[in-house]
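Trainee: The following file, upload-v7.cif, comprises mmCIF, C-alpha atoms:
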```cif
data_data
#
loop_
_atom_site.label_atom_id
_atom_site.label_comp_id
_atom_site.auth_asym_id
_atom_site.auth_seq_id
_atom_site.Cartn_x
_atom_site.Cartn_y
_atom_site.Cartn_z
CA MET A 1 81.04 35.61 134.26
CA SER A 2 82.92 38.26 136.17
CA ASP A 3 82.24 38.78 139.83
CA PRO A 4 79.63 41.56 140.10
CA THR A 5 81.09 42.74 143.39
CA ASN A 6 84.45 43.37 141.72
CA ILE A 7 86.47 42.32 144.75
CA HIS A 8 90.20 42.32 144.33
CA HIS A 9 92.03 40.06 146.75
CA PRO A 10 95.63 41.10 147.49
CA ASN A 11 96.93 37.68 146.49
CA ALA A 12 95.09 37.80 143.17
CA THR A 13 96.22 41.19 141.93
CA PRO A 14 99.65 41.00 140.30
CA SER A 15 99.90 44.80 140.01
CA ASN A 16 99.88 45.03 143.80
CA GLN A 17 102.94 42.86 144.29
CA TRP A 18 105.55 45.61 144.34
CA ALA A 19 109.13 45.17 145.41
CA ILE A 20 109.55 45.20 149.16
CA ALA A 21 110.96 48.49 150.32
CA GLU A 22 114.14 48.47 152.34
CA PRO A 23 113.53 49.91 155.83
CA ALA A 24 113.56 53.69 155.39
CA LEU A 25 114.10 54.43 159.08
CA SER A 26 116.97 53.54 161.36
CA PRO A 27 116.47 50.58 163.71
CA SER A 28 116.59 52.94 166.69
CA TRP A 29 116.71 56.64 167.39
CA PRO A 30 118.99 58.08 170.08
CA ASP A 31 116.46 60.80 170.86
CA LEU A 32 113.18 62.36 169.78
CA VAL A 33 114.86 65.08 167.72
CA THR A 34 116.68 62.53 165.56
CA GLY A 35 113.52 60.47 165.11
CA VAL A 36 111.46 63.49 164.05
CA ALA A 37 114.07 64.59 161.51
CA GLU A 38 114.35 61.11 160.02
CA VAL A 39 110.59 60.66 159.76
CA ARG A 40 110.21 64.01 158.06
CA ARG A 41 112.74 63.00 155.39
CA ALA A 42 110.90 59.70 154.85
CA ILE A 43 107.53 61.48 154.50
CA ASP A 44 109.06 63.86 151.96
CA ARG A 45 110.07 60.81 149.91
CA VAL A 46 106.52 59.46 150.13
CA ARG A 47 105.14 62.79 148.89
CA ARG A 48 107.51 62.82 145.92
CA GLU A 49 106.54 59.29 144.93
CA VAL A 50 102.80 59.98 145.23
CA HIS A 51 103.14 63.08 143.07
CA LYS A 52 104.44 60.93 140.23
CA SER A 53 100.79 60.09 139.57
CA ILE A 54 98.91 62.79 141.50
CA VAL A 55 99.17 66.43 140.40
CA GLY A 56 98.66 69.02 143.13
CA GLN A 57 96.27 68.17 145.98
CA ASP A 58 99.12 68.65 148.46
CA GLU A 59 96.85 69.05 151.47
CA VAL A 60 94.77 66.02 150.50
CA VAL A 61 97.91 63.88 150.20
CA ASP A 62 99.21 65.16 153.54
CA GLN A 63 95.93 64.42 155.30
CA ALA A 64 95.91 60.86 153.98
CA ILE A 65 99.49 60.42 155.22
CA LEU A 66 98.51 61.82 158.63
CA ALA A 67 95.73 59.26 158.97
CA ILE A 68 98.12 56.42 158.19
CA ILE A 69 100.89 57.43 160.60
CA CYS A 70 98.26 57.94 163.31
CA GLY A 71 96.86 54.45 162.70
CA GLY A 72 93.47 55.92 161.78
CA HIS A 73 91.04 55.56 158.89
CA ALA A 74 89.92 58.19 156.39
CA VAL A 75 87.00 58.77 154.06
CA VAL A 76 87.82 60.73 150.90
CA GLU A 77 84.96 62.75 149.38
CA GLY A 78 84.84 64.38 145.99
CA VAL A 79 82.90 64.53 142.74
CA PRO A 80 83.72 61.95 140.05
CA GLY A 81 86.98 62.33 138.18
CA LEU A 82 89.09 63.94 140.90
CA ALA A 83 91.43 60.91 141.29
CA LYS A 84 90.17 59.79 144.70
CA THR A 85 90.78 56.13 143.93
CA LEU A 86 94.08 56.91 142.21
CA LEU A 87 95.21 58.82 145.30
CA VAL A 88 94.63 55.83 147.58
CA SER A 89 96.21 53.33 145.20
CA SER A 90 99.22 55.60 144.59
CA LEU A 91 99.75 56.06 148.30
CA SER A 92 99.55 52.32 148.84
CA LYS A 93 102.24 51.78 146.21
CA THR A 94 104.68 53.83 148.27
CA LEU A 95 104.14 51.46 151.20
CA SER A 96 105.25 47.84 151.08
CA LEU A 97 101.93 46.63 152.42
CA GLN A 98 99.21 44.28 151.23
CA PHE A 99 96.57 46.27 149.37
CA SER A 100 93.07 45.28 148.35
CA ARG A 101 90.24 47.15 146.70
CA ILE A 102 86.59 46.42 147.39
CA GLN A 103 84.11 47.93 144.97
CA PHE A 104 81.02 48.55 147.11
CA THR A 105 77.80 47.73 145.28
CA PRO A 106 74.18 47.22 146.39
CA ASP A 107 74.53 43.42 146.23
CA LEU A 108 77.77 43.21 148.22
CA MET A 109 77.40 40.95 151.27
CA PRO A 110 79.40 41.13 154.54
CA SER A 111 80.94 37.71 153.83
CA ASP A 112 82.26 39.05 150.52
CA MET A 113 84.53 41.30 152.60
CA THR A 114 85.30 39.32 155.72
CA GLY A 115 85.46 35.85 154.20
CA THR A 116 83.45 32.67 154.60
CA GLU A 117 83.75 29.07 155.75
CA VAL A 118 83.89 26.33 153.16
CA ILE A 119 83.78 22.56 153.52
CA GLN A 120 87.15 20.99 152.80
CA GLU A 121 87.55 17.27 152.32
CA ASP A 122 90.68 15.36 153.34
CA LYS A 123 91.34 13.09 150.35
CA ALA A 124 93.42 10.69 152.45
CA THR A 125 90.81 10.02 155.13
CA GLY A 126 87.62 11.20 153.45
CA SER A 127 86.78 13.39 156.45
CA ARG A 128 85.34 16.82 156.00
CA ALA A 129 85.97 19.98 157.99
CA LEU A 130 85.13 23.65 157.76
CA ARG A 131 87.94 25.92 156.64
CA PHE A 132 87.82 29.71 156.83
CA VAL A 133 88.73 31.48 153.59
CA LYS A 134 89.84 35.03 154.31
CA GLY A 135 88.23 37.87 152.40
CA PRO A 136 89.88 40.99 150.98
CA ILE A 137 89.58 42.83 154.29
CA PHE A 138 92.60 40.84 155.48
CA SER A 139 95.03 43.39 154.02
CA ASN A 140 97.08 46.24 155.43
CA ILE A 141 95.35 48.86 153.28
CA VAL A 142 91.72 48.38 152.24
CA LEU A 143 90.27 50.72 149.64
CA ALA A 144 86.50 50.82 150.22
CA ASP A 145 85.51 52.32 146.88
CA GLU A 146 82.13 54.13 146.79
CA ILE A 147 81.37 52.98 150.33
CA ASN A 148 77.95 54.66 150.36
CA ARG A 149 76.66 52.45 147.52
CA THR A 150 76.25 49.37 149.69
CA PRO A 151 73.43 48.75 152.21
CA PRO A 152 73.89 49.37 155.97
CA LYS A 153 74.19 45.63 156.70
CA THR A 154 77.40 45.49 154.69
CA GLN A 155 78.63 48.89 155.85
CA SER A 156 78.30 47.79 159.47
CA ALA A 157 80.55 44.81 158.81
CA LEU A 158 83.40 47.30 158.71
CA LEU A 159 82.72 48.62 162.22
CA GLU A 160 84.40 45.80 164.11
CA ALA A 161 87.31 45.73 161.68
CA MET A 162 87.92 49.47 161.95
CA GLN A 163 87.58 49.69 165.72
CA GLU A 164 88.85 46.34 167.01
CA ARG A 165 91.19 45.35 164.14
CA GLN A 166 89.45 41.98 163.95
CA VAL A 167 86.47 40.26 162.35
CA THR A 168 84.12 37.70 163.85
CA VAL A 169 82.74 34.92 161.65
CA ASN A 170 80.42 32.30 163.18
CA GLY A 171 81.60 33.23 166.66
CA VAL A 172 85.30 32.93 165.86
CA GLN A 173 87.50 36.02 165.99
CA TYR A 174 90.22 36.55 163.39
CA ARG A 175 92.87 39.24 163.87
CA LEU A 176 93.60 41.59 161.01
CA PRO A 177 97.17 42.34 159.91
CA ASN A 178 99.14 45.17 161.50
CA PRO A 179 99.16 47.90 160.35
CA PHE A 180 95.56 48.10 159.10
CA PHE A 181 93.84 51.05 157.42
CA VAL A 182 90.50 51.60 155.72
CA LEU A 183 90.58 54.39 153.14
CA ALA A 184 87.07 54.88 151.79
CA THR A 185 85.82 57.02 148.90
CA GLN A 186 82.38 58.42 148.26
CA ASN A 187 80.65 60.83 145.90
CA PRO A 188 78.82 63.59 147.83
CA ILE A 189 76.62 64.87 145.00
CA GLU A 190 74.96 61.74 143.63
CA GLN A 191 72.51 60.46 146.26
CA GLU A 192 70.17 58.28 144.19
CA GLY A 193 70.71 54.62 145.00
CA THR A 194 73.11 55.36 147.85
CA TYR A 195 73.04 54.63 151.59
CA PRO A 196 74.53 57.49 153.64
CA LEU A 197 76.93 56.26 156.30
CA PRO A 198 75.40 56.28 159.80
CA GLU A 199 76.90 58.65 162.36
CA ALA A 200 78.34 55.75 164.37
CA GLN A 201 80.37 54.60 161.40
CA LEU A 202 81.40 58.07 160.29
CA ASP A 203 82.80 58.64 163.78
CA ARG A 204 85.17 55.68 163.26
CA PHE A 205 86.90 57.58 160.48
CA MET A 206 89.63 59.78 161.86
CA LEU A 207 89.51 62.21 158.94
CA ASN A 208 86.95 63.28 156.35
CA ILE A 209 89.11 64.46 153.46
CA ARG A 210 87.57 66.71 150.80
CA VAL A 211 89.03 66.67 147.28
CA ASN A 212 88.39 69.86 145.29
CA TYR A 213 88.83 70.68 141.62
CA PRO A 214 92.41 71.31 140.47
CA THR A 215 93.66 74.74 139.50
CA GLU A 216 94.01 75.62 135.82
CA ALA A 217 97.77 75.00 135.92
CA GLU A 218 97.28 71.66 137.68
CA GLU A 219 94.60 70.58 135.22
CA LEU A 220 96.92 71.46 132.32
CA GLU A 221 99.60 69.24 133.87
CA ILE A 222 97.08 66.41 134.44
CA VAL A 223 95.94 66.45 130.82
CA SER A 224 99.53 66.66 129.57
CA ARG A 225 100.63 63.67 131.66
CA THR A 226 97.67 61.41 131.02
CA THR A 227 97.49 61.92 127.27
CA SER A 228 101.14 61.10 126.60
CA THR A 229 103.50 58.23 127.24
CA GLY A 230 106.12 57.83 129.92
CA LEU A 231 103.97 57.80 133.04
CA SER A 232 105.81 56.31 136.01
CA ASP A 233 104.30 54.51 138.99
CA PRO A 234 105.28 55.39 142.56
CA SER A 235 108.00 53.21 144.08
CA PRO A 236 107.83 51.66 147.55
CA VAL A 237 109.40 53.85 150.22
CA LEU A 238 108.22 52.61 153.62
CA SER A 239 107.87 49.11 155.01
CA ALA A 240 105.29 47.81 157.47
CA ASP A 241 107.85 48.09 160.29
CA ASP A 242 108.50 51.72 159.34
CA ILE A 243 104.79 52.55 159.58
CA VAL A 244 104.44 50.85 162.97
CA ARG A 245 107.47 52.73 164.32
CA MET A 246 106.08 56.03 163.01
CA GLN A 247 102.80 55.34 164.79
CA ALA A 248 104.72 54.73 168.02
CA LEU A 249 106.71 57.96 167.58
CA VAL A 250 103.50 59.98 167.10
CA ARG A 251 102.31 58.73 170.49
CA GLN A 252 105.62 59.70 172.11
CA ILE A 253 105.50 63.34 171.00
CA PRO A 254 104.72 65.55 174.02
CA VAL A 255 101.76 67.93 174.06
CA SER A 256 101.47 71.04 176.20
CA GLU A 257 98.46 71.55 178.43
CA ASP A 258 97.51 74.67 176.43
CA VAL A 259 97.15 72.61 173.24
CA LEU A 260 95.16 69.91 175.05
CA ARG A 261 92.78 72.47 176.53
CA HIS A 262 92.41 74.21 173.17
CA ALA A 263 91.36 70.92 171.56
CA ILE A 264 88.83 70.24 174.30
CA ARG A 265 87.37 73.74 174.05
CA ILE A 266 86.88 73.35 170.29
CA VAL A 267 84.98 70.09 170.74
CA ARG A 268 82.93 71.12 173.78
CA ALA A 269 81.82 74.29 171.96
CA THR A 270 79.76 72.06 169.62
CA ARG A 271 77.72 70.35 172.34
CA VAL A 272 74.34 72.01 172.05
CA ARG A 273 72.76 69.37 174.32
CA GLU A 274 75.01 70.33 177.25
CA GLU A 275 74.02 73.32 179.37
CA GLY A 276 76.40 76.25 178.94
CA GLU A 277 78.89 74.44 176.68
CA ALA A 278 77.99 75.46 173.11
CA ILE A 279 78.70 78.85 171.58
CA LYS A 280 75.93 80.82 169.85
CA VAL A 281 76.67 79.73 166.27
CA CYS A 282 76.46 76.09 167.36
CA ARG A 283 73.18 76.61 169.22
CA ASP A 284 71.80 78.25 166.08
CA TYR A 285 73.00 75.76 163.50
CA LEU A 286 73.80 72.40 165.09
CA ALA A 287 71.44 69.58 166.04
CA TRP A 288 74.20 67.51 167.62
CA GLY A 289 77.82 68.06 168.62
CA ALA A 290 81.01 66.03 168.56
CA GLY A 291 81.98 63.38 171.13
CA PRO A 292 85.25 62.69 172.97
CA ARG A 293 86.69 60.82 169.98
CA ALA A 294 86.92 64.19 168.23
CA SER A 295 89.17 65.53 171.01
CA GLN A 296 91.36 62.46 170.85
CA PHE A 297 91.76 62.63 167.08
CA LEU A 298 92.39 66.38 167.13
CA VAL A 299 95.36 65.95 169.44
CA LEU A 300 96.66 62.86 167.66
CA ALA A 301 96.40 64.54 164.24
CA ALA A 302 98.14 67.65 165.59
CA LYS A 303 101.00 65.45 166.81
CA ALA A 304 101.28 63.83 163.38
CA ARG A 305 101.15 67.23 161.65
CA ALA A 306 104.01 68.44 163.85
CA LEU A 307 105.97 65.27 163.10
CA VAL A 308 105.72 65.53 159.30
CA GLU A 309 106.69 69.21 159.51
CA GLY A 310 109.77 68.39 161.60
CA ALA A 311 108.51 69.91 164.86
CA GLU A 312 109.14 68.22 168.21
CA LYS A 313 105.74 69.12 169.67
CA PRO A 314 102.43 70.37 168.28
CA THR A 315 101.23 73.94 168.56
CA ILE A 316 97.75 75.42 168.45
CA ALA A 317 98.42 76.24 164.78
CA HIS A 318 99.02 72.53 164.07
CA LEU A 319 95.80 71.71 165.89
CA GLU A 320 93.70 74.21 163.97
CA SER A 321 95.20 73.23 160.62
CA ILE A 322 93.67 69.76 160.94
CA ALA A 323 90.39 70.76 162.63
CA LEU A 324 88.20 70.73 159.50
CA PRO A 325 88.84 67.10 158.40
CA VAL A 326 88.60 65.92 162.02
CA MET A 327 85.41 67.80 162.91
CA ARG A 328 83.29 68.20 159.76
CA HIS A 329 81.76 64.71 159.88
CA ARG A 330 81.23 64.70 163.65
CA ILE A 331 78.77 67.58 163.89
CA VAL A 332 75.19 67.46 162.61
CA THR A 333 73.68 70.66 161.20
CA ASN A 334 69.98 71.43 161.68
CA PHE A 335 67.18 72.83 159.52
CA ASN A 336 68.25 76.42 160.24
CA ALA A 337 71.65 75.69 158.74
CA GLU A 338 70.08 74.14 155.65
CA ALA A 339 67.76 77.13 155.22
CA ASP A 340 70.64 79.62 155.57
CA GLY A 341 73.05 77.63 153.41
CA VAL A 342 75.42 77.02 156.29
CA LYS A 343 77.71 73.99 156.03
CA ALA A 344 79.54 72.06 158.72
CA ASP A 345 82.85 73.59 157.57
CA ASP A 346 81.44 77.09 158.09
CA VAL A 347 80.49 76.24 161.66
CA VAL A 348 83.92 74.77 162.42
CA LYS A 349 85.65 77.90 161.09
CA LEU A 350 83.54 80.10 163.37
CA ILE A 351 84.24 77.82 166.32
CA LEU A 352 87.97 78.20 165.74
CA GLU A 353 87.61 81.98 165.67
CA SER A 354 85.57 81.99 168.85
CA VAL A 355 87.91 79.70 170.75
CA ARG A 356 90.90 81.81 169.67
CA GLY A 357 89.18 84.69 171.45
CA ARG A 358 88.15 86.58 168.35
CA SER A 359 84.69 88.05 168.00
CA ALA A 360 82.29 85.77 166.20
CA SER A 361 79.46 88.25 166.25
CA ARG A 362 80.17 89.97 162.92
CA ASP A 363 78.08 89.29 159.85
CA PHE A 364 78.06 85.56 159.12
CA GLU A 365 78.29 86.13 155.38
CA SER A 366 81.72 87.75 155.79
CA VAL A 367 83.12 84.53 157.24
CA VAL A 368 81.69 81.70 155.13
CA ARG A 369 83.04 81.20 151.66
#
```
Can I see the file as structure tokens?
Mentor:
Amino acid sequence: MSDPTNIHHPNATPSNQWAIAEPALSPSWPDLVTGVAEVRRAIDRVRREVHKSIVGQDEVVDQAILAIICGGHAVVEGVPGLAKTLLVSSLSKTLSLQFSRIQFTPDLMPSDMTGTEVIQEDKATGSRALRFVKGPIFSNIVLADEINRTPPKTQSALLEAMQERQVTVNGVQYRLPNPFFVLATQNPIEQEGTYPLPEAQLDRFMLNIRVNYPTEAEELEIVSRTTSTGLSDPSPVLSADDIVRMQALVRQIPVSEDVLRHAIRIVRATRVREEGEAIKVCRDYLAWGAGPRASQFLVLAAKARALVEGAEKPTIAHLESIALPVMRHRIVTNFNAEADGVKADDVVKLILESVRGRSASRDFESVVR
């Protein structure tokens, strides 16, 4: 019988054993300008390879890349059939990293992900000892497919892995490989038989990426490609060392005080529980605001956005361009928002307008789309 949990271990999936990419980046950069230019060229190569199998969705692809070069995790949301899983697997093919896919189901147990101890007998001496068999989470890229279909007990097993880059089994800690990313997918419209992720776990994801329907031209290209022969898979572009060096470069990019303060103002505007912090739209429509991790990820994502665009430091425009995927899963709307049809994205857009100094008092219906 096949395994009902449909776990794919990296060592047991021949299709995941791609050729090792030659290092795409130089061993050292003489200065920040050279490093930024070289990284931008490498990211352009990654984009081209991903688009061999993904049509359109440029912003979705870029956001997934941002999460990886920041060392963060991402949850990808979209209705069935929008190539969420294909996006993650295609991106992983451009990186010479171990990749594993875990199909989350209601009967999936934590040990199915992290691994378990088995009794191993020494044939020479006849002695027995416990040996830890690593689970599929011991990979560089873990695709958590349909993450909201497994119970909270199994979902919570990811918390330590995502935050501490380690797992603990029977009191023993095991380090995960470096780099390590969790890219999760979930379907936002089908709620029967699902277990919504708790706020504590959602907050561990750096970005909440929304995948929308393709345009008519993109859908025509999708149908044309997938109903004919000659499809090509992405080729490996970046090695593990390249990714680690990119992550280090993101941290080295300087940020002006104006950008830092702008990020903090955006986040503090959501805090309806703090006296005098929240703006009116947040007091009206939010039950809970974002924590400090939102400020950290806003700045880090803005740095990464500047890097992939070839800029030497982030601007407020870079910051605001990434605000929706950073913020939308960190604020909790209330009953007023549900009654008025107001979504988290609508609130974030109004916050950005308010913090930029624009008037947010005009008719709400003229802002939300």
Trainee: With only C-alpha atoms as the atoms that count, which of A:Thr227, A:Gln155, A:Ser295, A:Asn212 lies nearest to Glu59 (chain A)?
Mentor: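 Among the listed residues, A:Asn212 lies closest to Glu59 (chain A).
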Trainee: For CA of Lys52 (chain A) and CA of Ala311 (chain A), quote the distance in Å rounded to one decimal.
Mentor: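 Computed distance, CA of Lys52 (chain A) to CA of Ala311 (chain A), equals 26.5 Å.
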Trainee: CA of Ser127 (chain A) and CA of Val169 (chain A), how far apart in Å?
Mentor: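 Answer for the CA of Val169 (chain A) to CA of Ser127 (chain A) separation: 22.5 Å.
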Trainee: Please evaluate the PyMOL selection byres ((chain A and resi 291) around 9) against the displayed coordinates and give the resulting residues as a PyMOL selection string.
Mentor: chain A and resi 203+267-268+271+289-290+292-295+330-331
Trainee: Between CA of Ile65 (chain A) and CA of Arg210 (chain A), what is the distance, to one decimal in Å?
Mentor: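 Going from CA of Ile65 (chain A) over to CA of Arg210 (chain A), I get 14.2 Å.
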Trainee: Just the residues within 9 Å of Val250 (chain A), please, counting all atoms listed in the file, with nothing from its chain fewer than 4 positions along; format it as a list in words.
Mentor: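 Answer for this query is Ile69, Cys70, Arg245, Met246, Pro254, Leu300, Ala301, Lys303, Ala304 and Leu307 of chain A.
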Trainee: Pick out the closest residue to Asp58 (chain A) from this set: A:Asp345, A:Glu218, A:Asp258, A:Glu164. Count all atoms listed in the file.
Mentor: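 Checking each candidate against Asp58 (chain A), we get A:Glu218 as the closest.
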Trainee: Neighbouring residues of Pro234 (chain A) were defined as those with any atom within 6 Å, considering only C-alpha atoms; residues of the same chain fewer than 3 positions away were excluded. Please report them as a compact mmCIF listing (two decimals) with C-alpha atoms, in the coordinates of the input.
Mentor:
```
# COMPACT_ATOMS: atom_id res chain seq x y z
CA GLU A 49 106.54 59.29 144.93
CA VAL A 50 102.80 59.98 145.23
CA LYS A 93 102.24 51.78 146.21
CA THR A 94 104.68 53.83 148.27
```
Trainee: For Ala240 (chain A), which residue among A:Gln120, A:Thr168, A:Gln57, A:Ser92 is the nearest when counting only C-alpha atoms?
Mentor: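 So, comparing all the options, the nearest one is A:Ser92.
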Trainee: Using all atoms listed in the file, which residues sit within 9 Å of Arg283 (chain A) once same-chain residues fewer than 5 positions away are excluded, as number ranges by chain?
Mentor: A: 270-273, 278
Trainee: List the spatial neighbours of Glu257 (chain A) as a list of chain:residue names - criterion: any atom at most 12 Å away, all atoms listed in the file, same-chain residues fewer than 4 positions off excluded.
Mentor: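 My reading of the contact set: A:Arg261, A:His262, A:Ala263, A:Ile264, A:Val299, A:Lys313, A:Pro314, A:Thr315, A:Ile316.
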Trainee: Restricting the output to C-alpha atoms, write the selected residues as a short mmCIF file (atom, residue, chain, number, x, y, z; two decimals), in the coordinates of the input.
Mentor:
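Generated output (out.cif):
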```
data_model
loop_
_atom_site.label_atom_id
_atom_site.label_comp_id
_atom_site.auth_asym_id
_atom_site.auth_seq_id
_atom_site.Cartn_x
_atom_site.Cartn_y
_atom_site.Cartn_z
CA ARG A 261 92.78 72.47 176.53
CA HIS A 262 92.41 74.21 173.17
CA ALA A 263 91.36 70.92 171.56
CA ILE A 264 88.83 70.24 174.30
CA VAL A 299 95.36 65.95 169.44
CA LYS A 313 105.74 69.12 169.67
CA PRO A 314 102.43 70.37 168.28
CA THR A 315 101.23 73.94 168.56
CA ILE A 316 97.75 75.42 168.45
#
```
Trainee: Applied to the shown file, which residues does the PyMOL selection byres ((chain A and resi 184-189) around 7) return, written as a list in words?
Mentor: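 Evaluating the PyMOL selection byres ((chain A and resi 184-189) around 7) on this file yields Ala74, Val75, Val76, Glu77, Gly78, Val79, Pro80, Lys84, Leu143, Ala144, Asp145, Glu146, Ile147, Asn148, Val182, Leu183, Glu190 and Gln191 of chain A.
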Trainee: So which residues touch region 110-117 of chain A within 12 Å, counting only C-alpha atoms, skipping near sequence neighbours fewer than 3 positions away, as a VMD selection string?
Mentor: chain A and resid 3 to 9 100 to 107 120 129 to 139 142 to 144 150 to 161 165 to 176
Trainee: Taking the file as shown, find all residues satisfying the PyMOL selection byres ((chain A and resi 178) around 8) and write them as a list in words.
Mentor: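 This file gives the following for the PyMOL selection byres ((chain A and resi 178) around 8): Asn140, Leu176, Pro177, Pro179, Phe180, Ala240 and Val244 of chain A.
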Trainee: Just write the chosen residues, C-alpha atoms, as an mmCIF file, keeping the file's coordinate frame.
Mentor:
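Final file, part15.cif:
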```cif
data_model
loop_
_atom_site.group_PDB
_atom_site.id
_atom_site.type_symbol
_atom_site.label_atom_id
_atom_site.label_comp_id
_atom_site.auth_asym_id
_atom_site.auth_seq_id
_atom_site.Cartn_x
_atom_site.Cartn_y
_atom_site.Cartn_z
ATOM 1 C CA ASN A 140 97.080 46.240 155.430
ATOM 2 C CA LEU A 176 93.600 41.590 161.010
ATOM 3 C CA PRO A 177 97.170 42.340 159.910
ATOM 4 C CA PRO A 179 99.160 47.900 160.350
ATOM 5 C CA PHE A 180 95.560 48.100 159.100
ATOM 6 C CA ALA A 240 105.290 47.810 157.470
ATOM 7 C CA VAL A 244 104.440 50.850 162.970
#
```
Trainee: Can you work out which one of A:Val36, A:Leu97, A:Leu286, A:Val347 has the shortest atom-to-atom distance to Asp241 (chain A), counting all atoms listed in the file?
Mentor: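 Of all the options, A:Leu97 lies closest to Asp241 (chain A).
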Trainee: Measuring atom to atom with only C-alpha atoms, identify which of A:Gly56, A:Ala317, A:Ala42, A:His51 is nearest to Thr215 (chain A).
Mentor: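 Using only C-alpha atoms, the shortest distance to Thr215 (chain A) belongs to A:Gly56.
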Trainee: Measuring atom to atom with all atoms listed in the file, identify which of A:Glu221, A:Asp122, A:Glu38, A:Asp284 is nearest to Ala337 (chain A).
Mentor: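 Between A:Glu221, A:Asp122, A:Glu38, A:Asp284, the residue approaching Ala337 (chain A) most closely is A:Asp284.
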